[in-house]
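**Student:** Okay, so here is run.txt, and as you'll see once you scroll down, it has compact mmCIF, C-alpha atoms.
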# COMPACT_ATOMS: atom_id res chain seq x y z
CA MET O 93 -42.34 -0.62 -19.35
CA SER O 94 -43.00 1.87 -16.58
CA PHE O 95 -40.17 3.04 -14.40
CA THR O 96 -41.66 1.55 -11.24
CA ARG O 97 -42.24 -1.77 -12.94
CA ARG O 98 -38.64 -1.83 -14.18
CA ALA O 99 -37.41 -0.87 -10.73
CA ALA O 100 -39.47 -3.67 -9.22
CA ILE O 101 -37.99 -6.19 -11.66
CA ILE O 102 -34.45 -4.97 -10.95
CA ALA O 103 -35.11 -5.18 -7.22
CA ALA O 104 -36.53 -8.68 -7.51
CA THR O 105 -33.64 -9.84 -9.71
CA SER O 106 -31.11 -8.34 -7.31
CA THR O 107 -32.76 -10.10 -4.39
CA VAL O 108 -32.59 -13.42 -6.20
CA LEU O 109 -28.95 -12.82 -7.18
CA LEU O 110 -28.05 -11.82 -3.64
CA ALA O 111 -29.78 -14.91 -2.29
CA VAL O 112 -27.85 -17.07 -4.74
CA PHE O 113 -24.45 -15.47 -4.16
CA ALA O 114 -24.71 -14.53 -0.48
CA PRO O 115 -23.80 -18.04 0.75
CA VAL O 116 -20.49 -17.76 -1.10
CA THR O 117 -19.20 -15.17 1.37
CA LYS O 118 -20.85 -16.79 4.39
CA ALA O 119 -18.71 -18.03 7.23
CA HIS O 120 -17.69 -21.63 6.73
CA SER O 121 -16.21 -24.20 9.06
CA TYR O 122 -14.65 -27.65 9.13
CA LYS O 123 -14.05 -30.45 11.60
CA ILE O 124 -11.17 -32.87 11.72
CA GLY O 125 -10.76 -35.16 14.72
CA ASN O 126 -11.07 -32.96 17.78
CA LEU O 127 -10.33 -29.77 15.90
CA GLU O 128 -12.83 -27.24 14.67
CA ILE O 129 -11.67 -24.89 11.96
CA GLY O 130 -13.52 -21.64 11.50
CA HIS O 131 -13.72 -19.54 8.35
CA PRO O 132 -10.37 -19.69 6.58
CA TRP O 133 -9.97 -16.40 4.69
CA THR O 134 -7.46 -14.23 2.96
CA ARG O 135 -7.49 -10.82 1.34
CA ALA O 136 -7.65 -9.45 -2.17
CA THR O 137 -4.17 -8.28 -3.18
CA PRO O 138 -2.91 -5.17 -4.96
CA PRO O 139 -1.44 -5.78 -8.44
CA SER O 140 2.09 -7.23 -8.41
CA ALA O 141 1.69 -8.42 -4.83
CA ARG O 142 3.72 -11.56 -4.23
CA VAL O 143 2.40 -12.42 -0.77
CA ALA O 144 -0.84 -12.57 1.19
CA GLY O 145 -1.86 -13.50 4.72
CA GLY O 146 -4.14 -16.44 5.50
CA PHE O 147 -6.39 -16.38 8.54
CA LEU O 148 -8.62 -18.84 10.40
CA LYS O 149 -9.70 -20.00 13.83
CA ILE O 150 -8.76 -23.37 15.30
CA THR O 151 -10.47 -24.79 18.38
CA ASN O 152 -9.17 -27.90 20.10
CA LYS O 153 -12.18 -29.72 21.60
CA GLY O 154 -10.08 -32.70 22.66
CA SER O 155 -7.99 -33.40 25.72
CA THR O 156 -4.58 -33.62 24.06
CA PRO O 157 -2.52 -30.86 22.49
CA ASP O 158 -2.19 -30.66 18.73
CA ARG O 159 -0.16 -28.48 16.43
CA LEU O 160 -0.67 -26.78 13.09
CA VAL O 161 2.53 -27.98 11.47
CA SER O 162 2.23 -26.60 7.98
CA ALA O 163 -0.18 -25.53 5.28
CA THR O 164 -0.41 -25.23 1.53
CA PHE O 165 -2.35 -22.82 -0.65
CA ILE O 166 -3.20 -23.41 -4.26
CA GLY O 167 -2.51 -19.78 -5.15
CA SER O 168 1.09 -19.63 -3.89
CA THR O 169 4.33 -21.52 -4.36
CA SER O 170 4.93 -21.83 -0.62
CA THR O 171 3.19 -21.25 2.69
CA GLU O 172 4.73 -20.58 6.08
CA VAL O 173 3.28 -20.21 9.57
CA HIS O 174 4.18 -16.74 10.87
CA GLU O 175 3.72 -14.62 13.91
CA MET O 176 3.40 -10.88 13.70
CA ALA O 177 3.68 -8.56 16.66
CA HIS O 178 3.83 -4.85 17.24
CA GLU O 179 6.64 -3.69 19.47
CA GLY O 180 5.94 -0.04 20.01
CA SER O 181 5.54 1.30 16.49
CA VAL O 182 7.61 -1.47 14.91
CA MET O 183 5.95 -4.37 13.12
CA LYS O 184 7.89 -7.58 13.60
CA MET O 185 7.38 -10.86 11.80
CA ARG O 186 8.89 -14.22 12.37
CA GLU O 187 8.39 -17.67 11.02
CA LEU O 188 7.26 -20.37 13.44
CA PRO O 189 9.28 -23.26 11.98
CA LYS O 190 7.69 -25.79 14.35
CA GLY O 191 4.20 -24.53 13.71
CA LEU O 192 1.55 -23.39 16.12
CA ASP O 193 0.45 -25.19 19.30
CA ILE O 194 -3.26 -25.73 19.81
CA LYS O 195 -3.72 -26.67 23.46
CA PRO O 196 -6.73 -28.71 24.59
CA GLY O 197 -9.78 -26.54 25.17
CA GLU O 198 -8.15 -23.56 23.49
CA THR O 199 -9.05 -21.52 20.44
CA VAL O 200 -6.14 -20.11 18.48
CA GLU O 201 -7.01 -17.37 16.08
CA LEU O 202 -4.86 -16.57 13.07
CA LYS O 203 -5.81 -12.99 12.37
CA PRO O 204 -4.45 -9.67 11.07
CA GLY O 205 -1.83 -8.34 13.45
CA GLY O 206 -1.08 -11.76 14.96
CA PHE O 207 -0.51 -15.34 13.88
CA HIS O 208 -1.08 -15.88 10.18
CA LEU O 209 -0.29 -18.13 7.29
CA MET O 210 2.10 -16.43 4.92
CA PHE O 211 1.30 -17.27 1.31
CA ILE O 212 4.54 -16.65 -0.57
CA GLY O 213 5.04 -16.43 -4.31
CA LEU O 214 1.46 -15.71 -5.41
CA LYS O 215 0.84 -17.05 -8.88
CA ASP O 216 -1.96 -14.56 -9.57
CA GLY O 217 -3.50 -11.70 -7.70
CA LEU O 218 -6.24 -12.71 -5.26
CA LYS O 219 -9.65 -11.35 -6.18
CA GLU O 220 -12.37 -10.52 -3.72
CA LYS O 221 -15.16 -13.13 -3.47
CA ASP O 222 -12.99 -15.89 -4.96
CA ARG O 223 -12.49 -19.09 -3.00
CA LEU O 224 -9.19 -20.91 -3.23
CA LYS O 225 -8.27 -24.30 -1.91
CA GLY O 226 -5.62 -24.97 0.65
CA GLU O 227 -4.61 -27.71 3.00
CA LEU O 228 -3.88 -27.59 6.72
CA VAL O 229 -1.59 -30.19 8.25
CA PHE O 230 -1.92 -31.00 11.94
CA GLU O 231 0.52 -33.13 13.89
CA LYS O 232 -2.17 -35.44 15.31
CA ALA O 233 -5.45 -34.70 13.55
CA GLY O 234 -3.84 -35.05 10.13
CA ARG O 235 -4.57 -33.20 6.89
CA ILE O 236 -7.68 -31.36 5.86
CA GLU O 237 -8.54 -29.51 2.69
CA VAL O 238 -10.19 -26.13 3.25
CA ASP O 239 -11.40 -23.22 1.13
CA PHE O 240 -9.94 -19.78 1.76
CA ALA O 241 -12.54 -17.08 1.11
CA VAL O 242 -10.96 -14.00 -0.47
CA GLU O 243 -12.28 -10.91 1.30
CA SER O 244 -11.70 -7.24 0.52
CA MET O 245 -8.21 -5.76 0.50
CA GLY O 246 -8.83 -3.86 3.71
CA ALA O 247 -10.67 -6.62 5.57
CA ARG O 248 -9.63 -6.89 9.20
CA GLY O 249 -11.58 -10.03 10.01
CA GLY O 250 -15.00 -10.49 11.53
CA GLU O 251 -16.75 -9.11 8.44
CA HIS O 252 -18.08 -12.53 7.51
CA ASP O 253 -20.24 -12.60 10.63
CA HIS O 254 -22.75 -10.24 9.13
CA HIS O 255 -22.47 -10.88 5.41
CA ASP O 256 -25.79 -12.70 5.45
CA HIS O 257 -27.85 -9.61 6.02
CA ALA O 258 -25.49 -6.89 4.86
CA PRO O 259 -25.97 -5.39 1.42
CA ALA O 260 -23.50 -6.60 -1.19
CA LYS O 261 -20.33 -4.54 -1.31
CA THR O 262 -19.99 -2.51 -4.47
CA ASN O 263 -16.32 -1.54 -4.26
CA MET V 171 17.36 -6.05 64.28
CA SER V 172 18.80 -2.79 65.71
CA PRO V 173 17.29 0.44 64.39
CA LEU V 174 20.65 1.37 62.84
CA LYS V 175 20.84 -1.92 60.91
CA PHE V 176 17.25 -1.46 59.84
CA ILE V 177 18.06 1.96 58.40
CA ARG V 178 21.21 0.62 56.69
CA TYR V 179 19.39 -2.31 55.04
CA GLY V 180 16.49 -0.06 54.18
CA SER V 181 18.80 2.40 52.45
CA TRP V 182 20.49 -0.33 50.45
CA ALA V 183 17.09 -1.68 49.41
CA ALA V 184 16.08 1.80 48.29
CA VAL V 185 19.30 2.17 46.27
CA ALA V 186 18.75 -1.23 44.65
CA GLY V 187 15.14 -0.32 43.85
CA LEU V 188 16.18 2.97 42.32
CA GLY V 189 18.88 1.18 40.29
CA LEU V 190 16.32 -1.27 38.95
CA LEU V 191 13.98 1.57 38.06
CA ILE V 192 16.72 3.43 36.19
CA ALA V 193 17.75 0.24 34.37
CA PHE V 194 14.13 -0.37 33.43
CA VAL V 195 13.70 3.14 32.05
CA LEU V 196 16.98 2.96 30.13
CA LEU V 197 16.38 -0.52 28.72
CA THR V 198 12.78 -0.02 27.63
CA PRO V 199 12.80 0.65 23.86
CA GLN V 200 12.21 4.36 23.45
CA PRO V 201 12.34 5.53 19.85
CA LYS V 202 8.65 6.28 19.59
CA PRO V 203 8.48 9.02 16.99
CA ASP V 204 5.74 10.86 18.92
CA GLN V 205 8.01 11.28 21.87
CA ALA V 206 10.94 12.70 20.00
CA ALA V 207 11.26 16.45 19.92
CA GLY V 208 9.41 17.98 16.97
CA GLY V 209 11.77 18.86 14.13
CA ARG V 210 14.42 16.30 14.99
CA ILE V 211 12.77 13.71 12.77
CA GLY V 212 12.83 14.31 9.03
CA GLY V 213 14.82 16.76 6.98
CA ALA V 214 15.75 17.02 3.33
CA PHE V 215 15.82 14.00 1.03
CA GLN V 216 15.89 13.14 -2.65
CA LEU V 217 14.48 9.77 -3.63
CA ALA V 218 13.74 7.93 -6.85
CA GLN V 219 10.02 7.70 -7.53
CA ALA V 220 8.40 4.44 -8.53
CA LYS V 221 6.58 6.20 -11.37
CA GLY V 222 9.82 7.78 -12.59
CA GLY V 223 11.88 10.84 -11.74
CA VAL V 224 13.18 11.99 -8.39
CA LEU V 225 11.20 13.47 -5.53
CA ASP V 226 13.06 16.30 -3.82
CA SER V 227 11.63 17.12 -0.40
CA ALA V 228 12.09 20.82 -1.26
CA THR V 229 9.15 20.52 -3.65
CA LEU V 230 6.94 19.57 -0.69
CA LYS V 231 7.42 22.96 0.92
CA GLY V 232 4.11 24.45 1.97
CA ARG V 233 2.37 21.09 1.64
CA PRO V 234 1.75 18.76 4.56
CA TYR V 235 2.60 15.14 3.88
CA GLY V 236 2.57 11.69 5.40
CA LEU V 237 5.41 9.21 5.09
CA PHE V 238 5.80 5.58 5.94
CA PHE V 239 8.16 2.70 5.49
CA GLY V 240 7.00 -0.62 4.08
CA PHE V 241 7.51 -3.14 1.31
CA THR V 242 5.28 -4.90 -1.17
CA GLN V 243 5.93 -8.44 0.14
CA CYS V 244 4.17 -7.47 3.35
CA PRO V 245 1.06 -9.53 4.07
CA ASP V 246 -0.83 -7.27 6.39
CA ILE V 247 0.34 -3.91 7.68
CA CYS V 248 1.40 -2.32 4.38
CA PRO V 249 -1.67 -3.12 2.26
CA GLY V 250 -3.76 -2.49 5.39
CA THR V 251 -2.26 0.97 5.93
CA LEU V 252 -2.51 1.84 2.23
CA THR V 253 -6.17 0.76 2.19
CA GLU V 254 -6.98 2.76 5.30
CA MET V 255 -5.19 5.88 4.09
CA THR V 256 -6.97 5.61 0.75
CA ALA V 257 -10.35 5.33 2.51
CA LEU V 258 -9.48 8.20 4.84
CA MET V 259 -8.56 10.51 1.95
CA ASP V 260 -11.73 9.47 0.10
CA GLU V 261 -13.76 10.45 3.11
CA LEU V 262 -12.01 13.79 3.65
CA ASP V 263 -12.32 14.56 -0.07
CA LYS V 264 -16.04 14.92 0.55
CA GLY V 265 -15.55 17.45 3.35
CA PRO V 266 -14.32 21.02 3.84
CA LEU V 267 -10.63 19.98 3.63
CA ALA V 268 -10.98 18.70 0.05
CA ALA V 269 -9.07 21.63 -1.47
CA LYS V 270 -6.14 21.24 0.94
CA LEU V 271 -6.15 17.49 0.44
CA LYS V 272 -5.44 17.92 -3.28
CA ASP V 273 -1.85 18.85 -2.50
CA PHE V 274 -1.45 16.30 0.27
CA ARG V 275 0.90 13.38 -0.41
CA ILE V 276 1.68 10.15 1.36
CA LEU V 277 5.16 8.84 0.64
CA PHE V 278 5.57 5.08 0.75
CA ILE V 279 9.29 4.35 1.09
CA THR V 280 10.27 0.76 0.47
CA VAL V 281 12.62 -0.87 2.97
CA ASP V 282 13.12 -3.68 0.45
CA PRO V 283 14.79 -2.03 -2.55
CA GLU V 284 16.32 -5.40 -3.47
CA ARG V 285 12.92 -6.73 -4.53
CA ASP V 286 10.78 -3.61 -4.93
CA THR V 287 11.69 -2.35 -8.37
CA ALA V 288 10.17 0.87 -9.70
CA ASP V 289 7.74 -0.90 -12.04
CA LEU V 290 6.61 -3.36 -9.41
CA LEU V 291 6.05 -0.68 -6.77
CA ALA V 292 4.22 1.62 -9.20
CA ASN V 293 1.96 -1.22 -10.27
CA TYR V 294 1.31 -2.24 -6.66
CA LEU V 295 0.39 1.30 -5.67
CA SER V 296 -1.99 1.69 -8.62
CA ALA V 297 -4.60 -0.05 -6.45
CA PHE V 298 -4.55 2.86 -4.00
CA ASP V 299 -5.06 6.63 -3.93
CA ALA V 300 -2.95 8.41 -6.56
CA ARG V 301 -1.64 10.78 -3.89
CA ILE V 302 0.34 7.89 -2.42
CA LEU V 303 3.79 8.01 -4.03
CA GLY V 304 6.18 5.08 -4.06
CA LEU V 305 9.80 5.99 -3.30
CA ILE V 306 12.82 3.74 -3.66
CA PRO V 307 16.06 4.38 -1.81
CA THR V 308 19.18 2.43 -2.75
CA MET V 309 20.65 -0.19 -0.44
CA GLU V 310 23.35 2.42 0.27
CA THR V 311 21.03 5.33 1.11
CA LEU V 312 18.41 3.34 3.05
CA PRO V 313 20.30 3.15 6.39
CA GLY V 314 20.88 6.92 6.53
CA LEU V 315 17.32 7.61 5.49
CA ALA V 316 15.91 5.35 8.21
CA LYS V 317 18.13 7.10 10.76
CA GLN V 318 16.89 10.48 9.56
CA PHE V 319 13.32 9.39 10.38
CA ALA V 320 14.20 7.36 13.51
CA ALA V 321 12.73 4.38 11.66
CA PHE V 322 13.62 0.77 12.20
CA TYR V 323 13.93 -1.93 9.57
CA GLN V 324 15.50 -5.36 9.60
CA LYS V 325 15.72 -8.28 7.24
CA VAL V 326 14.35 -11.51 8.75
CA PRO V 327 15.23 -14.81 7.05
CA THR V 328 12.44 -17.38 6.61
CA SER V 329 12.55 -20.86 5.09
CA SER V 330 11.59 -19.61 1.64
CA GLY V 331 13.49 -16.32 1.60
CA TYR V 332 13.10 -13.33 3.88
CA THR V 333 10.63 -10.85 5.24
CA MET V 334 11.13 -7.41 6.81
CA ASN V 335 10.49 -5.97 10.23
CA HIS V 336 9.83 -2.26 10.05
CA THR V 337 8.37 0.80 11.71
CA SER V 338 4.74 0.80 10.70
CA ALA V 339 3.55 4.24 11.78
CA VAL V 340 2.63 6.90 9.23
CA TYR V 341 4.73 9.96 10.05
CA LEU V 342 3.02 13.31 9.57
CA PHE V 343 4.84 16.46 8.48
CA ASN V 344 3.37 19.94 8.31
CA GLY V 345 3.87 22.46 5.49
CA GLU V 346 7.23 23.49 6.97
CA GLY V 347 8.41 19.89 6.91
CA VAL V 348 8.28 19.69 10.71
CA PHE V 349 7.40 16.32 12.22
CA SER V 350 3.89 16.57 13.62
CA GLY V 351 3.09 13.13 15.06
CA THR V 352 2.08 9.79 13.65
CA ILE V 353 -0.98 7.85 12.57
CA ASP V 354 -0.99 4.21 13.55
CA ILE V 355 -2.98 1.46 11.89
CA GLN V 356 -3.95 0.16 15.33
CA GLU V 357 -5.76 3.31 16.37
CA SER V 358 -9.41 3.99 15.64
CA LYS V 359 -10.53 5.45 12.34
CA ALA V 360 -11.92 8.46 14.22
CA SER V 361 -8.52 9.17 15.75
CA GLN V 362 -6.74 8.74 12.39
CA LYS V 363 -9.21 11.13 10.80
CA ALA V 364 -8.84 13.72 13.57
CA LYS V 365 -5.05 13.66 13.22
CA LEU V 366 -5.14 14.15 9.46
CA GLU V 367 -7.73 16.92 9.81
CA ARG V 368 -5.55 18.66 12.36
CA LEU V 369 -2.50 18.40 10.10
CA LEU V 370 -4.35 19.75 7.08
CA GLY V 371 -6.23 22.37 9.04
CA ARG V 372 -3.09 24.07 10.22
Would it be possible to restate this file's structure as structure tokens?
**Tutor:**
Amino acid sequence: MSFTRRAAIIAATSTVLLAVFAPVTKAHSYKIGNLEIGHPWTRATPPSARVAGGFLKITNKGSTPDRLVSATFIGSTSTEVHEMAHEGSVMKMRELPKGLDIKPGETVELKPGGFHLMFIGLKDGLKEKDRLKGELVFEKAGRIEVDFAVESMGARGGEHDHHDHAPAKTN
Amino acid sequence: MSPLKFIRYGSWAAVAGLGLLIAFVLLTPQPKPDQAAGGRIGGAFQLAQAKGGVLDSATLKGRPYGLFFGFTQCPDICPGTLTEMTALMDELDKGPLAAKLKDFRILFITVDPERDTADLLANYLSAFDARILGLIPTMETLPGLAKQFAAFYQKVPTSSGYTMNHTSAVYLFNGEGVFSGTIDIQESKASQKAKLERLLGR
């Protein structure tokens, strides 16, 4: 088989594979009651890591306030709702024992450097491109099962917006 | 109001304003490493290494290094900083500073020696650049060490255990062990790169 022919076959196969697997990393969203939930994700963890952060966007399309009361994650023994903030050069974290308010018309983003779900007691390391189930519990809207997409260890959020046309990551 | 009264009230208002300003300046948290006088932060230390043995700061003489405080049960900043520093070193390895970068080290000092055992920390750091060394103070030496680097750490209870607040900046030290600024995860990659280049280029 000539080199160009082989290259063409490899290219074609890669395209098919990318087309098949690309949707796995695509942004995903959910609806429950008046709440829209955008792209729950987490990050691949270093070996021996016992914790990970969970991130997502919640939009309240209704006219009454709701609250993210708690969450669970299949990969960890417990999950807490946390807030992180930088005060000068100090990183501070605290648990929000009552959860997180989602006011009507507002979008609350759980993202690196801010609000996040704290997955505590990881059973296994989280591997990039995996998807793991979790559940979000809202005071009014109720419970909803979601998938957390595991992104790269250094992901800062927003990457999923262009996965569709970006070349597959090799690292 | 008579002119005299006006002046008297005006003066008191000025005094009150000045008082408020002074209080504001004094009460605003200050210990930003960048603002401290160079050389005051740092100094000699000997710490147990995650991969075994003891690191004596004397062996770093002539070699610039970075240093930061963290812990492995940190969901964001610590793995984020380690990932960014690894990527930054990878990038600089391809440039003119590659030779100098060989001797560069980043010291990751755990503020959670209760949970971060040597094996655990060494295993955790195996995902990152090999020039990042894990160091483990004891519960007894940690307070003094933090003071030496004007670093802050604090245990914060949560419903399932505890987490840690801590200074997140990467401190930079030149070949003489003199504090030379910080790299912060919140600044741009370009700025982080420029700071490391400046440190190594000296």
**Student:** Residues of chain V within 9 Å of chain O, counting only C-alpha atoms - could you list those as a PDB file with C-alpha atoms, in the coordinates of the input?
**Tutor:**
ATOM      1  CA  PRO V 199      12.800   0.650  23.860  1.00  0.00           C
ATOM      2  CA  GLN V 200      12.210   4.360  23.450  1.00  0.00           C
ATOM      3  CA  PRO V 201      12.340   5.530  19.850  1.00  0.00           C
ATOM      4  CA  LYS V 202       8.650   6.280  19.590  1.00  0.00           C
ATOM      5  CA  PRO V 203       8.480   9.020  16.990  1.00  0.00           C
ATOM      6  CA  THR V 242       5.280  -4.900  -1.170  1.00  0.00           C
ATOM      7  CA  GLN V 243       5.930  -8.440   0.140  1.00  0.00           C
ATOM      8  CA  CYS V 244       4.170  -7.470   3.350  1.00  0.00           C
ATOM      9  CA  PRO V 245       1.060  -9.530   4.070  1.00  0.00           C
ATOM     10  CA  ASP V 246      -0.830  -7.270   6.390  1.00  0.00           C
ATOM     11  CA  ILE V 247       0.340  -3.910   7.680  1.00  0.00           C
ATOM     12  CA  PRO V 249      -1.670  -3.120   2.260  1.00  0.00           C
ATOM     13  CA  GLY V 250      -3.760  -2.490   5.390  1.00  0.00           C
ATOM     14  CA  THR V 251      -2.260   0.970   5.930  1.00  0.00           C
ATOM     15  CA  LEU V 252      -2.510   1.840   2.230  1.00  0.00           C
ATOM     16  CA  THR V 253      -6.170   0.760   2.190  1.00  0.00           C
ATOM     17  CA  GLU V 254      -6.980   2.760   5.300  1.00  0.00           C
ATOM     18  CA  LEU V 290       6.610  -3.360  -9.410  1.00  0.00           C
ATOM     19  CA  LEU V 291       6.050  -0.680  -6.770  1.00  0.00           C
ATOM     20  CA  ASN V 293       1.960  -1.220 -10.270  1.00  0.00           C
ATOM     21  CA  TYR V 294       1.310  -2.240  -6.660  1.00  0.00           C
ATOM     22  CA  LEU V 295       0.390   1.300  -5.670  1.00  0.00           C
ATOM     23  CA  SER V 296      -1.990   1.690  -8.620  1.00  0.00           C
ATOM     24  CA  ALA V 297      -4.600  -0.050  -6.450  1.00  0.00           C
ATOM     25  CA  PHE V 298      -4.550   2.860  -4.000  1.00  0.00           C
ATOM     26  CA  ALA V 321      12.730   4.380  11.660  1.00  0.00           C
ATOM     27  CA  PHE V 322      13.620   0.770  12.200  1.00  0.00           C
ATOM     28  CA  TYR V 323      13.930  -1.930   9.570  1.00  0.00           C
ATOM     29  CA  GLN V 324      15.500  -5.360   9.600  1.00  0.00           C
ATOM     30  CA  VAL V 326      14.350 -11.510   8.750  1.00  0.00           C
ATOM     31  CA  PRO V 327      15.230 -14.810   7.050  1.00  0.00           C
ATOM     32  CA  THR V 328      12.440 -17.380   6.610  1.00  0.00           C
ATOM     33  CA  SER V 329      12.550 -20.860   5.090  1.00  0.00           C
ATOM     34  CA  SER V 330      11.590 -19.610   1.640  1.00  0.00           C
ATOM     35  CA  THR V 333      10.630 -10.850   5.240  1.00  0.00           C
ATOM     36  CA  MET V 334      11.130  -7.410   6.810  1.00  0.00           C
ATOM     37  CA  ASN V 335      10.490  -5.970  10.230  1.00  0.00           C
ATOM     38  CA  HIS V 336       9.830  -2.260  10.050  1.00  0.00           C
ATOM     39  CA  THR V 337       8.370   0.800  11.710  1.00  0.00           C
ATOM     40  CA  SER V 338       4.740   0.800  10.700  1.00  0.00           C
ATOM     41  CA  ALA V 339       3.550   4.240  11.780  1.00  0.00           C
ATOM     42  CA  ASP V 354      -0.990   4.210  13.550  1.00  0.00           C
ATOM     43  CA  GLN V 356      -3.950   0.160  15.330  1.00  0.00           C
TER      44      GLN V 356
END
**Student:** Stretch 210-223 of chain V, all listed atoms, 8 Å padding on each side: what axis-aligned box centre and edge lengths in Å to one decimal come out, as AutoDock Vina command-line options?
**Tutor:**
--center_x 11.2 --center_y 10.7 --center_z 1.2 --size_x 25.3 --size_y 28.6 --size_z 43.6
**Student:** What is the distance, in Å and to one decimal place, between atom CA of V:Gly240 and atom CA of V:Ile306?
**Tutor:** 10.6 Å
**Student:** Taking all atoms listed in the file into account, name the residue in V:Ile302, V:Leu217, V:Met255, V:Leu315 that is nearest to V:Gln362.
**Tutor:**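 Among the listed residues, V:Met255 lies closest to V:Gln362.
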**Student:** Skip V:Tyr341 itself and residues of its chain fewer than 2 positions away, then list as number ranges by chain all residues within 12 Å of it, counting all atoms listed in the file.
**Tutor:** O: 181; V: 202-204, 208, 211-212, 234-239, 275-279, 319-321, 337-339, 343-344, 347-355, 362, 365-366, 369
**Student:** For stretch 225-232 of chain V, list every protein, DNA or RNA residue within 7 Å, evaluated using only C-alpha atoms, and leave out those in the same chain fewer than 3 positions away; present the list as a ChimeraX atom specification.
**Tutor:** /V:214-219,345-347
**Student:** Distance atom CA of V:Asp273-atom CA of V:Arg233, one decimal place?
**Tutor:**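 Here the two named atoms are 6.3 Å from each other.
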**Student:** Quick one: pull the distance between atom CA of O:Leu202 and atom CA of V:Lys363, Å, one decimal.
**Tutor:**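 Separation between atom CA of O:Leu202 and atom CA of V:Lys363: 28.1 Å.
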**Student:** Would you please take stretch 291-304 of chain V of the structure in the block above and write N, CA and C atoms to a file as a CSV table (one decimal), in the first residue's frame?
**Tutor:**
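out_31.csv was written with the following content:
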chain,number,residue,atom,x,y,z
V,291,LEU,N,2.0,12.2,48.8
V,291,LEU,CA,2.4,13.5,48.1
V,291,LEU,C,3.3,13.1,46.9
V,292,ALA,N,4.2,12.2,47.1
V,292,ALA,CA,5.1,11.8,46.0
V,292,ALA,C,4.3,11.2,44.8
V,293,ASN,N,3.3,10.4,45.1
V,293,ASN,CA,2.4,9.8,44.1
V,293,ASN,C,1.6,10.9,43.4
V,294,TYR,N,1.1,11.8,44.1
V,294,TYR,CA,0.3,12.9,43.6
V,294,TYR,C,1.1,13.8,42.6
V,295,LEU,N,2.3,14.1,43.0
V,295,LEU,CA,3.2,14.9,42.2
V,295,LEU,C,3.8,14.2,41.0
V,296,SER,N,3.6,12.9,41.0
V,296,SER,CA,4.1,12.2,39.8
V,296,SER,C,3.4,12.6,38.5
V,297,ALA,N,2.2,13.2,38.6
V,297,ALA,CA,1.5,13.6,37.5
V,297,ALA,C,2.1,14.9,36.9
V,298,PHE,N,3.0,15.5,37.6
V,298,PHE,CA,3.5,16.8,37.1
V,298,PHE,C,5.0,16.8,36.8
V,299,ASP,N,5.5,18.0,36.5
V,299,ASP,CA,7.0,18.1,36.1
V,299,ASP,C,7.8,17.5,37.3
V,300,ALA,N,8.9,16.8,36.9
V,300,ALA,CA,9.7,16.2,38.0
V,300,ALA,C,10.5,17.2,38.7
V,301,ARG,N,10.6,18.4,38.2
V,301,ARG,CA,11.3,19.5,39.0
V,301,ARG,C,10.5,20.1,40.1
V,302,ILE,N,9.2,19.6,40.2
V,302,ILE,CA,8.4,20.0,41.3
V,302,ILE,C,8.6,19.1,42.5
V,303,LEU,N,9.1,19.5,43.6
V,303,LEU,CA,9.4,18.7,44.7
V,303,LEU,C,8.4,18.8,45.8
V,304,GLY,N,7.9,17.7,46.4
V,304,GLY,CA,7.0,17.8,47.5
V,304,GLY,C,7.8,17.9,48.8
